[in-house]
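Structure file start.csv (CSV, C-alpha atoms) follows.
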chain,number,residue,atom,x,y,z
G,26,MET,CA,0.0,0.0,0.0
G,27,LEU,CA,2.8,2.4,0.9
G,28,LEU,CA,4.8,2.0,-2.3
G,29,SER,CA,1.7,2.1,-4.6
G,30,SER,CA,0.5,5.3,-2.9
G,31,VAL,CA,4.0,6.9,-3.3
G,32,ILE,CA,3.9,6.1,-7.1
G,33,LEU,CA,0.3,7.2,-7.5
G,34,VAL,CA,0.7,10.6,-5.8
G,35,LEU,CA,4.1,11.2,-7.3
G,36,GLN,CA,2.7,10.6,-10.8
G,37,GLU,CA,-0.1,13.1,-10.3
G,38,THR,CA,2.1,15.7,-8.5
G,39,LEU,CA,4.9,15.5,-11.0
G,40,GLU,CA,2.9,16.8,-13.9
G,41,ALA,CA,1.5,19.8,-12.0
G,42,ALA,CA,4.9,20.5,-10.3
G,43,PHE,CA,6.5,20.4,-13.7
G,44,LEU,CA,4.1,23.0,-15.1
G,45,ILE,CA,4.3,25.3,-12.0
G,46,GLY,CA,8.1,25.0,-12.0
G,47,VAL,CA,8.4,26.1,-15.7
G,48,LEU,CA,5.8,28.9,-15.3
G,49,THR,CA,7.4,30.2,-12.1
G,50,ALA,CA,10.8,30.2,-13.8
G,51,LEU,CA,9.5,32.1,-16.8
G,52,GLY,CA,7.9,34.6,-14.5
G,53,HIS,CA,11.1,35.0,-12.5
G,54,LEU,CA,13.2,35.4,-15.7
G,55,GLN,CA,10.8,38.2,-16.8
G,56,HIS,CA,10.6,39.8,-13.4
G,57,ARG,CA,6.9,39.2,-13.0
G,58,PRO,CA,5.2,39.0,-9.6
G,59,ALA,CA,4.6,35.5,-8.3
G,60,ARG,CA,1.3,36.2,-6.5
G,61,TRP,CA,-0.8,34.6,-9.2
G,62,LEU,CA,1.0,31.3,-8.4
G,63,LEU,CA,-0.5,31.2,-4.9
G,64,VAL,CA,-4.0,32.2,-6.1
G,65,GLY,CA,-3.9,29.5,-8.8
G,66,ILE,CA,-2.7,26.8,-6.4
G,67,GLY,CA,-5.3,27.8,-3.7
G,68,ALA,CA,-8.2,28.0,-6.1
G,69,GLY,CA,-7.0,24.8,-7.8
G,70,LEU,CA,-7.2,22.9,-4.5
G,71,ILE,CA,-10.8,24.1,-3.9
G,72,PHE,CA,-11.9,23.2,-7.4
G,73,ALA,CA,-10.1,19.8,-7.1
G,74,SER,CA,-12.1,18.9,-4.0
G,75,VAL,CA,-15.4,20.1,-5.5
G,76,TYR,CA,-14.6,18.0,-8.6
G,77,ALA,CA,-13.6,15.0,-6.6
G,78,GLN,CA,-16.8,15.1,-4.5
G,79,ASN,CA,-18.9,15.2,-7.6
G,80,ILE,CA,-17.0,12.7,-9.7
G,81,GLN,CA,-19.8,10.2,-9.8
G,82,LEU,CA,-22.3,12.8,-11.0
G,83,VAL,CA,-19.9,14.0,-13.7
G,84,SER,CA,-19.1,10.4,-14.7
G,85,GLU,CA,-22.8,9.7,-15.5
G,86,TRP,CA,-23.1,12.7,-17.9
G,87,PHE,CA,-23.2,11.9,-21.7
G,88,ASP,CA,-24.0,8.3,-21.2
G,89,TYR,CA,-21.2,7.6,-18.6
G,90,VAL,CA,-18.3,9.4,-20.5
G,91,GLY,CA,-18.7,12.7,-18.7
G,92,GLN,CA,-15.4,12.2,-16.9
G,93,GLU,CA,-13.5,11.9,-20.1
G,94,LEU,CA,-15.2,14.9,-21.7
G,95,VAL,CA,-14.6,17.2,-18.7
G,96,ASN,CA,-11.0,16.1,-18.4
G,97,ALA,CA,-10.4,16.5,-22.1
G,98,GLY,CA,-12.0,20.0,-21.9
G,99,LEU,CA,-9.7,20.9,-19.0
G,100,GLN,CA,-6.7,19.8,-21.0
G,101,ILE,CA,-7.7,21.6,-24.1
G,102,MET,CA,-8.2,24.8,-22.1
G,103,ILE,CA,-4.8,24.4,-20.5
G,104,ALA,CA,-3.2,24.1,-23.9
G,105,LEU,CA,-5.1,27.2,-25.2
G,106,LEU,CA,-4.2,29.2,-22.0
G,107,LEU,CA,-0.5,28.3,-22.3
G,108,THR,CA,-0.5,29.5,-25.9
G,109,LEU,CA,-2.2,32.8,-24.9
G,110,TYR,CA,0.1,33.2,-21.9
G,111,LEU,CA,3.3,32.8,-24.1
G,112,TRP,CA,1.9,35.1,-26.8
G,113,ARG,CA,1.5,37.9,-24.2
G,114,ALA,CA,4.5,37.1,-22.0
G,115,LEU,CA,6.8,37.3,-25.0
G,116,ASP,CA,5.6,40.7,-26.2
G,117,GLY,CA,8.1,41.1,-28.9
G,118,SER,CA,10.3,43.7,-27.2
G,119,PRO,CA,13.6,42.6,-25.7
G,120,ALA,CA,13.1,41.0,-22.3
G,121,GLY,CA,12.7,43.3,-19.3
G,122,GLU,CA,11.5,46.3,-21.3
G,123,GLY,CA,8.0,45.0,-21.8
G,124,VAL,CA,7.5,44.7,-18.1
G,125,SER,CA,8.0,48.3,-17.2
G,126,GLY,CA,7.0,49.7,-20.5
G,127,PRO,CA,3.4,50.4,-21.5
G,128,SER,CA,2.8,47.1,-23.3
G,129,GLY,CA,3.9,45.1,-20.2
G,130,ALA,CA,1.7,47.1,-18.0
G,131,ARG,CA,-1.3,46.6,-20.3
G,132,HIS,CA,-0.9,42.9,-20.6
G,133,GLY,CA,0.4,42.2,-17.1
G,134,TRP,CA,-3.0,41.2,-15.7
G,135,LEU,CA,-3.7,39.0,-18.7
G,136,ILE,CA,-0.4,37.2,-18.4
G,137,SER,CA,-0.9,36.6,-14.7
G,138,THR,CA,-4.5,35.5,-15.1
G,139,ALA,CA,-3.6,33.1,-17.9
G,140,ALA,CA,-0.9,31.6,-15.8
G,141,ALA,CA,-3.1,31.4,-12.7
G,142,LEU,CA,-5.9,29.8,-14.6
G,143,THR,CA,-3.5,27.2,-16.2
G,144,VAL,CA,-2.2,26.3,-12.7
G,145,LEU,CA,-5.8,26.2,-11.4
G,146,LEU,CA,-7.0,23.8,-14.1
G,147,ALA,CA,-3.9,21.6,-13.9
G,148,ILE,CA,-4.4,21.2,-10.1
G,149,THR,CA,-8.1,20.6,-10.5
G,150,ARG,CA,-7.4,17.7,-12.8
G,151,GLU,CA,-4.5,16.1,-11.0
G,152,GLY,CA,-5.5,17.0,-7.4
G,153,SER,CA,-9.0,15.6,-7.7
G,154,GLU,CA,-7.6,12.1,-8.5
G,155,VAL,CA,-5.4,12.2,-5.4
G,156,LEU,CA,-8.3,13.3,-3.3
G,157,ILE,CA,-10.6,10.6,-4.6
G,158,TYR,CA,-7.9,8.1,-3.8
G,159,LEU,CA,-7.3,9.4,-0.3
G,160,TRP,CA,-11.0,9.7,0.6
G,161,GLY,CA,-11.5,6.1,-0.6
G,162,VAL,CA,-8.6,4.8,1.5
G,163,ILE,CA,-9.7,6.5,4.7
G,164,HIS,CA,-12.7,4.1,4.6
G,165,GLN,CA,-10.2,1.3,5.0
G,166,SER,CA,-9.0,2.0,8.5
G,167,ASP,CA,-6.3,-0.7,8.5
G,168,SER,CA,-4.0,0.8,5.9
G,169,TYR,CA,-4.7,4.5,5.9
G,170,GLN,CA,-1.5,5.3,7.9
G,171,ALA,CA,0.7,3.7,5.3
G,172,VAL,CA,-1.2,5.4,2.6
G,173,LEU,CA,-0.9,8.8,4.2
G,174,ILE,CA,2.9,8.3,4.7
G,175,GLY,CA,3.3,7.1,1.2
G,176,SER,CA,1.3,9.9,-0.3
G,177,SER,CA,3.3,12.5,1.7
G,178,ILE,CA,6.5,11.0,0.4
G,179,GLY,CA,5.2,11.0,-3.2
G,180,PHE,CA,4.0,14.6,-2.9
G,181,GLY,CA,7.3,15.6,-1.4
G,182,ILE,CA,9.3,14.0,-4.2
G,183,GLY,CA,7.1,15.6,-6.8
G,184,LEU,CA,7.4,19.0,-5.1
G,185,SER,CA,11.2,18.7,-4.9
G,186,MET,CA,11.4,17.9,-8.6
G,187,GLY,CA,9.4,20.9,-9.4
G,188,CYS,CA,11.7,23.1,-7.3
G,189,LEU,CA,14.7,21.5,-8.8
G,190,LEU,CA,13.4,22.3,-12.3
G,191,PHE,CA,12.8,25.9,-11.3
G,192,TYR,CA,16.3,26.4,-9.9
G,193,ALA,CA,17.9,24.6,-12.8
G,194,LEU,CA,16.1,26.9,-15.3
G,195,VAL,CA,16.8,30.2,-13.5
G,196,SER,CA,20.5,29.3,-13.0
G,197,LEU,CA,21.0,29.0,-16.8
G,198,PRO,CA,22.1,32.1,-18.8
G,199,PHE,CA,19.0,34.1,-19.7
G,200,PRO,CA,18.6,33.2,-23.4
G,201,TRP,CA,19.1,29.5,-22.8
G,202,ALA,CA,16.8,29.5,-19.8
G,203,MET,CA,14.1,31.1,-21.9
G,204,ARG,CA,14.6,28.7,-24.8
G,205,LEU,CA,14.6,25.6,-22.5
G,206,ALA,CA,11.5,26.8,-20.6
G,207,ILE,CA,9.6,27.4,-23.9
G,208,ILE,CA,10.6,24.0,-25.2
G,209,LEU,CA,9.4,22.4,-22.0
G,210,LEU,CA,6.1,24.4,-22.2
G,211,ALA,CA,5.7,23.3,-25.9
G,212,LEU,CA,6.2,19.6,-24.8
G,213,PHE,CA,3.7,20.1,-22.0
G,214,THR,CA,1.1,21.7,-24.4
G,215,GLY,CA,1.6,18.8,-26.9
G,216,ASN,CA,1.1,16.4,-24.0
G,217,MET,CA,-2.2,18.1,-23.0
G,218,LEU,CA,-3.7,17.9,-26.4
G,219,ALA,CA,-2.6,14.3,-27.0
G,220,GLN,CA,-4.1,13.3,-23.6
G,221,ALA,CA,-7.3,15.1,-24.5
G,222,VAL,CA,-7.5,13.2,-27.8
G,223,LEU,CA,-6.8,9.9,-26.0
G,224,LEU,CA,-9.7,10.6,-23.6
G,225,LEU,CA,-12.0,11.4,-26.5
G,226,ILE,CA,-11.1,8.1,-28.1
G,227,GLN,CA,-11.8,6.4,-24.8
G,228,ALA,CA,-15.2,8.0,-24.7
G,229,ASP,CA,-15.8,7.0,-28.4
G,230,TRP,CA,-16.1,10.6,-29.5
G,231,ILE,CA,-13.1,10.2,-31.9
G,232,PRO,CA,-12.8,6.9,-33.9
G,233,SER,CA,-10.1,4.6,-32.5
G,234,THR,CA,-7.3,3.4,-34.8
G,235,GLN,CA,-4.5,1.0,-34.5
G,236,PRO,CA,-1.3,2.3,-32.8
G,237,LEU,CA,1.0,4.2,-35.1
G,238,TRP,CA,4.1,2.5,-33.5
G,239,ASP,CA,5.0,0.3,-30.6
G,240,SER,CA,8.0,1.2,-28.6
G,241,SER,CA,7.1,-0.8,-25.5
G,242,GLY,CA,9.9,-3.2,-26.4
G,243,TRP,CA,12.7,-0.8,-25.6
G,244,LEU,CA,11.0,1.7,-23.4
G,245,PRO,CA,7.9,0.2,-21.6
G,246,GLU,CA,5.5,2.7,-20.0
G,247,HIS,CA,5.4,0.9,-16.7
G,248,ALA,CA,9.2,1.0,-16.2
G,249,LEU,CA,10.6,3.9,-14.1
G,250,MET,CA,11.9,5.8,-17.1
G,251,GLY,CA,8.7,5.3,-19.1
G,252,ARG,CA,6.6,6.6,-16.2
G,253,LEU,CA,8.8,9.6,-15.7
G,254,LEU,CA,8.7,10.5,-19.4
G,255,TYR,CA,4.9,9.9,-19.3
G,256,ALA,CA,4.5,12.4,-16.5
G,257,LEU,CA,6.9,15.0,-18.0
G,258,VAL,CA,6.4,14.9,-21.7
G,259,GLY,CA,3.5,12.5,-22.2
G,260,TYR,CA,5.4,9.5,-23.4
G,261,GLU,CA,3.1,6.7,-24.9
G,262,ALA,CA,4.5,3.4,-26.1
G,263,THR,CA,1.6,2.8,-28.5
G,264,PRO,CA,0.1,6.1,-29.6
G,265,SER,CA,-2.6,6.4,-32.2
G,266,ALA,CA,-2.2,8.7,-35.2
G,267,TRP,CA,-4.7,11.2,-33.7
G,268,GLU,CA,-2.6,11.5,-30.5
G,269,VAL,CA,0.6,12.1,-32.4
G,270,ALA,CA,-1.1,14.7,-34.6
G,271,ALA,CA,-2.6,16.5,-31.5
G,272,TYR,CA,0.9,16.4,-29.9
G,273,LEU,CA,2.5,18.0,-32.9
G,274,VAL,CA,-0.2,20.7,-33.1
G,275,GLY,CA,0.3,21.7,-29.5
G,276,PHE,CA,4.1,21.5,-29.7
G,277,THR,CA,4.4,23.5,-33.0
G,278,GLY,CA,1.8,26.0,-31.9
G,279,ILE,CA,3.9,27.1,-28.9
G,280,MET,CA,7.1,26.9,-31.0
G,281,CYS,CA,5.6,29.2,-33.7
G,282,VAL,CA,4.5,31.7,-31.0
G,283,ALA,CA,8.0,31.7,-29.6
G,284,TRP,CA,9.6,32.0,-33.1
G,285,ARG,CA,7.4,35.0,-34.0
G,286,ARG,CA,8.2,36.7,-30.7
G,287,ARG,CA,11.9,35.7,-30.7
G,288,ALA,CA,13.0,39.3,-30.1
G,289,SER,CA,12.0,38.9,-26.4
G,290,LEU,CA,14.5,36.1,-26.0
G,291,ARG,CA,17.4,38.4,-26.5
G,292,PRO,CA,18.9,39.5,-23.2
G,293,THR,CA,18.9,43.2,-22.3
G,294,LEU,CA,21.8,45.0,-20.7
G,295,ILE,CA,20.4,44.2,-17.3
G,296,HIS,CA,20.6,40.4,-18.0
G,297,VAL,CA,24.1,40.7,-19.5
G,298,ALA,CA,25.3,42.6,-16.5
G,299,ASN,CA,23.9,39.9,-14.2
Y,10,MET,CA,-5.4,26.3,-70.4
Y,11,ILE,CA,-8.9,26.9,-69.2
Y,12,ARG,CA,-9.7,23.2,-69.5
Y,13,ALA,CA,-6.6,22.3,-67.4
Y,14,ARG,CA,-7.6,24.7,-64.7
Y,15,TYR,CA,-11.1,23.4,-64.7
Y,16,ARG,CA,-9.8,19.8,-64.3
Y,17,CYS,CA,-7.6,20.9,-61.5
Y,18,VAL,CA,-10.6,22.3,-59.6
Y,19,SER,CA,-12.8,19.3,-60.2
Y,20,ASP,CA,-10.0,17.0,-59.0
Y,21,ARG,CA,-9.7,19.0,-55.8
Y,22,SER,CA,-13.4,18.9,-55.1
Y,23,GLY,CA,-13.4,15.1,-55.7
Y,24,PHE,CA,-10.5,14.8,-53.3
Y,25,VAL,CA,-12.4,16.9,-50.6
Y,26,ARG,CA,-15.5,14.7,-51.2
Y,27,ALA,CA,-13.4,11.6,-50.8
Y,28,ILE,CA,-12.0,12.9,-47.5
Y,29,ILE,CA,-15.5,13.8,-46.2
Y,30,LEU,CA,-16.8,10.4,-47.2
Y,31,MET,CA,-13.9,8.7,-45.5
Y,32,TRP,CA,-14.5,10.7,-42.3
Y,33,MET,CA,-18.2,9.9,-42.3
Y,34,THR,CA,-17.4,6.2,-42.8
Y,35,MET,CA,-15.0,6.3,-39.9
Y,36,LEU,CA,-17.5,8.1,-37.7
Y,37,GLY,CA,-20.2,5.7,-38.8
Y,38,SER,CA,-18.1,2.7,-37.9
Y,39,ALA,CA,-17.2,4.4,-34.6
Y,40,SER,CA,-20.5,5.4,-33.2
Y,41,ALA,CA,-23.5,4.7,-35.3
Y,42,TYR,CA,-23.2,0.9,-35.4
Y,43,ALA,CA,-25.0,-0.7,-32.5
Y,44,ALA,CA,-23.0,-3.8,-32.9
Y,45,THR,CA,-20.3,-2.8,-30.5
Y,46,PRO,CA,-19.9,-5.8,-28.1
Y,47,ILE,CA,-20.4,-5.0,-24.4
Y,48,VAL,CA,-18.3,-6.8,-21.8
Y,49,GLU,CA,-19.0,-6.4,-18.1
Y,50,ILE,CA,-16.4,-6.4,-15.4
Y,51,VAL,CA,-17.2,-6.4,-11.7
Y,52,ILE,CA,-14.9,-5.0,-9.0
Y,53,ARG,CA,-15.5,-6.6,-5.6
Y,54,ASP,CA,-13.1,-6.8,-2.6
Y,55,HIS,CA,-10.5,-5.0,-4.8
Y,56,LEU,CA,-10.6,-7.9,-7.3
Y,57,PHE,CA,-11.7,-8.0,-11.0
Y,58,PHE,CA,-14.4,-10.5,-11.9
Y,59,PRO,CA,-13.6,-12.0,-14.4
Y,60,ASP,CA,-9.9,-11.3,-14.2
Y,61,THR,CA,-9.4,-12.5,-17.8
Y,62,VAL,CA,-11.7,-10.8,-20.3
Y,63,GLU,CA,-11.9,-12.3,-23.8
Y,64,VAL,CA,-12.8,-9.9,-26.6
Y,65,PRO,CA,-12.9,-10.2,-30.4
Y,66,ALA,CA,-9.7,-8.9,-32.1
Y,67,ASN,CA,-9.8,-5.9,-34.4
Y,68,THR,CA,-13.2,-4.8,-32.9
Y,69,LYS,CA,-14.1,-1.9,-30.7
Y,70,VAL,CA,-15.5,-3.1,-27.4
Y,71,LYS,CA,-17.5,-1.3,-24.7
Y,72,LEU,CA,-16.4,-2.2,-21.2
Y,73,LEU,CA,-19.0,-1.8,-18.5
Y,74,ILE,CA,-17.3,-1.6,-15.2
Y,75,ASP,CA,-19.4,-2.2,-12.1
Y,76,ASN,CA,-17.6,-1.2,-8.9
Y,77,GLN,CA,-19.4,-3.0,-6.0
Y,78,ASP,CA,-16.8,-1.9,-3.4
Y,79,PRO,CA,-17.6,1.2,-1.3
Y,80,THR,CA,-14.2,2.6,-2.2
Y,81,PRO,CA,-13.4,4.2,-5.6
Y,82,GLU,CA,-11.0,2.4,-8.0
Y,83,GLU,CA,-9.1,3.5,-11.0
Y,84,PHE,CA,-9.1,1.2,-14.0
Y,85,GLU,CA,-5.7,1.6,-15.7
Y,86,SER,CA,-3.8,-0.2,-18.4
Y,87,TYR,CA,-0.6,0.9,-20.1
Y,88,GLU,CA,-1.1,-1.6,-22.9
Y,89,LEU,CA,-4.7,-0.4,-23.6
Y,90,ASN,CA,-3.8,3.3,-23.0
Y,91,ARG,CA,-6.8,3.6,-20.7
Y,92,GLU,CA,-7.3,5.3,-17.3
Y,93,LYS,CA,-10.6,6.0,-15.6
Y,94,VAL,CA,-11.8,6.6,-12.0
Y,95,ILE,CA,-14.8,4.5,-11.0
Y,96,GLY,CA,-16.6,5.8,-7.9
Y,97,GLY,CA,-17.5,3.4,-5.0
Y,98,ASN,CA,-20.8,1.5,-5.6
Y,99,SER,CA,-21.2,2.8,-9.1
Y,100,LYS,CA,-20.9,1.8,-12.8
Y,101,SER,CA,-19.0,3.4,-15.6
Y,102,VAL,CA,-18.2,2.8,-19.3
Y,103,LEU,CA,-15.1,3.0,-21.4
Y,104,PHE,CA,-14.3,1.9,-24.9
Y,105,ILE,CA,-11.3,-0.2,-25.9
Y,106,GLY,CA,-9.8,-1.4,-29.2
Y,107,PRO,CA,-9.9,-2.3,-32.0
Y,108,LEU,CA,-7.1,-4.5,-30.7
Y,109,ALA,CA,-4.6,-6.7,-32.5
Y,110,PRO,CA,-4.7,-10.3,-31.2
Y,111,GLY,CA,-2.8,-10.6,-27.9
Y,112,GLU,CA,-2.9,-10.0,-24.2
Y,113,TYR,CA,-3.4,-6.6,-22.6
Y,114,PRO,CA,-2.9,-6.5,-18.8
Y,115,PHE,CA,-5.0,-4.0,-16.7
Y,116,PHE,CA,-5.0,-3.1,-13.0
Y,117,GLY,CA,-6.7,-1.1,-10.4
Y,118,GLU,CA,-4.4,1.8,-9.7
Y,119,PHE,CA,-5.8,2.4,-6.2
Y,120,TYR,CA,-5.4,-1.2,-5.1
Y,121,PRO,CA,-2.8,-2.6,-7.5
Y,122,LYS,CA,-1.7,-5.5,-5.2
Y,123,THR,CA,-4.9,-7.4,-5.7
Y,124,ALA,CA,-6.8,-5.7,-8.5
Y,125,GLN,CA,-5.1,-7.2,-11.6
Y,126,GLY,CA,-6.6,-8.6,-14.8
Y,127,LYS,CA,-6.1,-8.9,-18.5
Y,128,VAL,CA,-7.9,-8.5,-21.8
Y,129,VAL,CA,-7.3,-11.2,-24.3
Y,130,ALA,CA,-8.1,-10.3,-27.9
Y,131,LYS,CA,-8.7,-13.3,-30.1
Show how you would write the structure in this file as structure tokens.
Amino acid sequence: MLLSSVILVLQETLEAAFLIGVLTALGHLQHRPARWLLVGIGAGLIFASVYAQNIQLVSEWFDYVGQELVNAGLQIMIALLLTLYLWRALDGSPAGEGVSGPSGARHGWLISTAAALTVLLAITREGSEVLIYLWGVIHQSDSYQAVLIGSSIGFGIGLSMGCLLFYALVSLPFPWAMRLAIILLALFTGNMLAQAVLLLIQADWIPSTQPLWDSSGWLPEHALMGRLLYALVGYEATPSAWEVAAYLVGFTGIMCVAWRRRASLRPTLIHVAN
Amino acid sequence: MIRARYRCVSDRSGFVRAIILMWMTMLGSASAYAATPIVEIVIRDHLFFPDTVEVPANTKVKLLIDNQDPTPEEFESYELNREKVIGGNSKSVLFIGPLAPGEYPFFGEFYPKTAQGKVVAK
């Protein structure tokens, strides 16, 4: 029970911690306030518990595929919000100028709101699953201590990895930190859209097809590396063509935004001096 | 010259029509046919009944999962690429396949020690 709860909670925490780590690093690199982060996390926890409490009701919607449709909707919204966030956060002027300049002031609230909403939705989705699990286990009085310990360990590891990612990103030279953060965000967005498509296939809203490839021979999804890659970049050993297409759309969308706004990736004198 | 251009346009509209037809056929085979086989799996005492589920190969199958435990469970399978929370004392539905012949293990992510099973596509 202990080990399985470590793995379950770690898997759920990792994805959200990864997103929050990258968004916080981007905010830090661009000298934006981090208040939105706390608001997003707090509201996300409230939404997660409301969703978890009503999971059965949601599940029965649309002929028992409500859960898939709601989760797919959350993921598509996360992908759209991330694209909007990046479009505004990279405002085309060299970094640093936009924040104090008129354009930064005008879009500051929009950038913060998009980031906060992204975090809120990500925590709603991941957090609700952990809460459903924990509430279920509390019914089983014999093993709940082991589960609570295991969950705390899993949560702790996930959180530390998010922090590690943040510090790794902000310790890099500015242009490289920005590039890496954007690539990670692009992978995350691709992952969200691919997962959304997978859920729509599971709900039979998108026709199912045979897998495009099978890489389970050399990198199985249940192995440690496979699980880690699943949580971080959405690795699937047997993806369908629809999933791969959705992944590419999400990834290239973010990369195109970054390319069009590449002027913001150049360091200013402040960054060079640092 | 004009004829060539005209032919080009008509080719393109034929192509578009073919795509639409293909899409409709796929949608039709995906949802309109009522012939989707239904397989029921019961969860009791954190075990799957039956724990080996036979399904026809290369066919989409509707899994009806009936969780009779008071605790929630999460049906999960890496091989089937499926993941779904099923509340305590409730039923849920998910679609799998079409699957190539073979074995596809699944498990209950909340109680993986006991809740283990497999889908066999024949």
Counting only C-alpha atoms, which residues have an atom no more than 9 Å from (-3.6, 4.3, -14.0) in the file's coordinates? Please list them as number ranges by chain.
G: 33; Y: 83-87, 91-94, 115-119
Given only C-alpha atoms, how would the per-residue table for chain Y near chain G read, listing every residue at most 6 Å away with its closest atom pair and distance in Å to one decimal, sorted by chain and number, as a Markdown table?
| residue | atom | partner | partner_atom | distance |
| --- | --- | --- | --- | --- |
| Y:Ala39 | CA | G:Pro232 | CA | 5.1 |
| Y:Thr80 | CA | G:Gly161 | CA | 4.7 |
| Y:Pro81 | CA | G:Gly161 | CA | 5.7 |
| Y:Gly96 | CA | G:Gln81 | CA | 5.8 |
| Y:Ser101 | CA | G:Tyr89 | CA | 5.6 |
| Y:Val102 | CA | G:Tyr89 | CA | 5.7 |
| Y:Leu103 | CA | G:Gln227 | CA | 5.8 |
| Y:Phe104 | CA | G:Gln227 | CA | 5.1 |
Applying 12 Å and all atoms listed in the file, which residues near Ser196 of chain G remain after dropping the ones on its own chain fewer than 2 positions away? List them as a PyMOL selection string.
chain G and resi 50-51+53-54+189-194+198-203+205+299
Take atom CA of Ala130 of chain Y and atom CA of Asn67 of chain Y and report the distance between them in Å, one decimal.
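Taking atom CA of Ala130 of chain Y and atom CA of Asn67 of chain Y, their separation equals 8.0 Å.
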In Å to one decimal, how far is atom CA of Pro65 of chain Y from atom CA of Trp238 of chain G?
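Taking atom CA of Trp238 of chain G as the start and atom CA of Pro65 of chain Y as the end point, the length is 21.4 Å.
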What gap, in Å, lies between atom CA of Lys100 of chain Y and atom CA of Leu73 of chain Y?
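Going from atom CA of Lys100 of chain Y over to atom CA of Leu73 of chain Y covers 7.0 Å.
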As a VMD selection string, please: the residues near Ile279 of chain G (cut-off 12 Å, only C-alpha atoms, same-chain neighbours under 2 positions excluded).
chain G and resid 104 to 112 115 204 206 to 215 272 to 277 281 to 287
Compile the contact shell of Asp54 of chain Y as number ranges by chain: residues with an atom at most 9 Å away, counting all atoms listed in the file, same-chain residues fewer than 4 positions apart removed.
Y: 77-78, 123-124
With a distance cut-off of 6 Å and all atoms listed in the file, select the neighbouring residues of Val51 of chain Y, excluding the residue or stretch itself and same-chain residues fewer than 4 positions from it, and output the selection as a list in words.
Phe57, Phe58, Ile74, Asp75 and Asn76 of chain Y
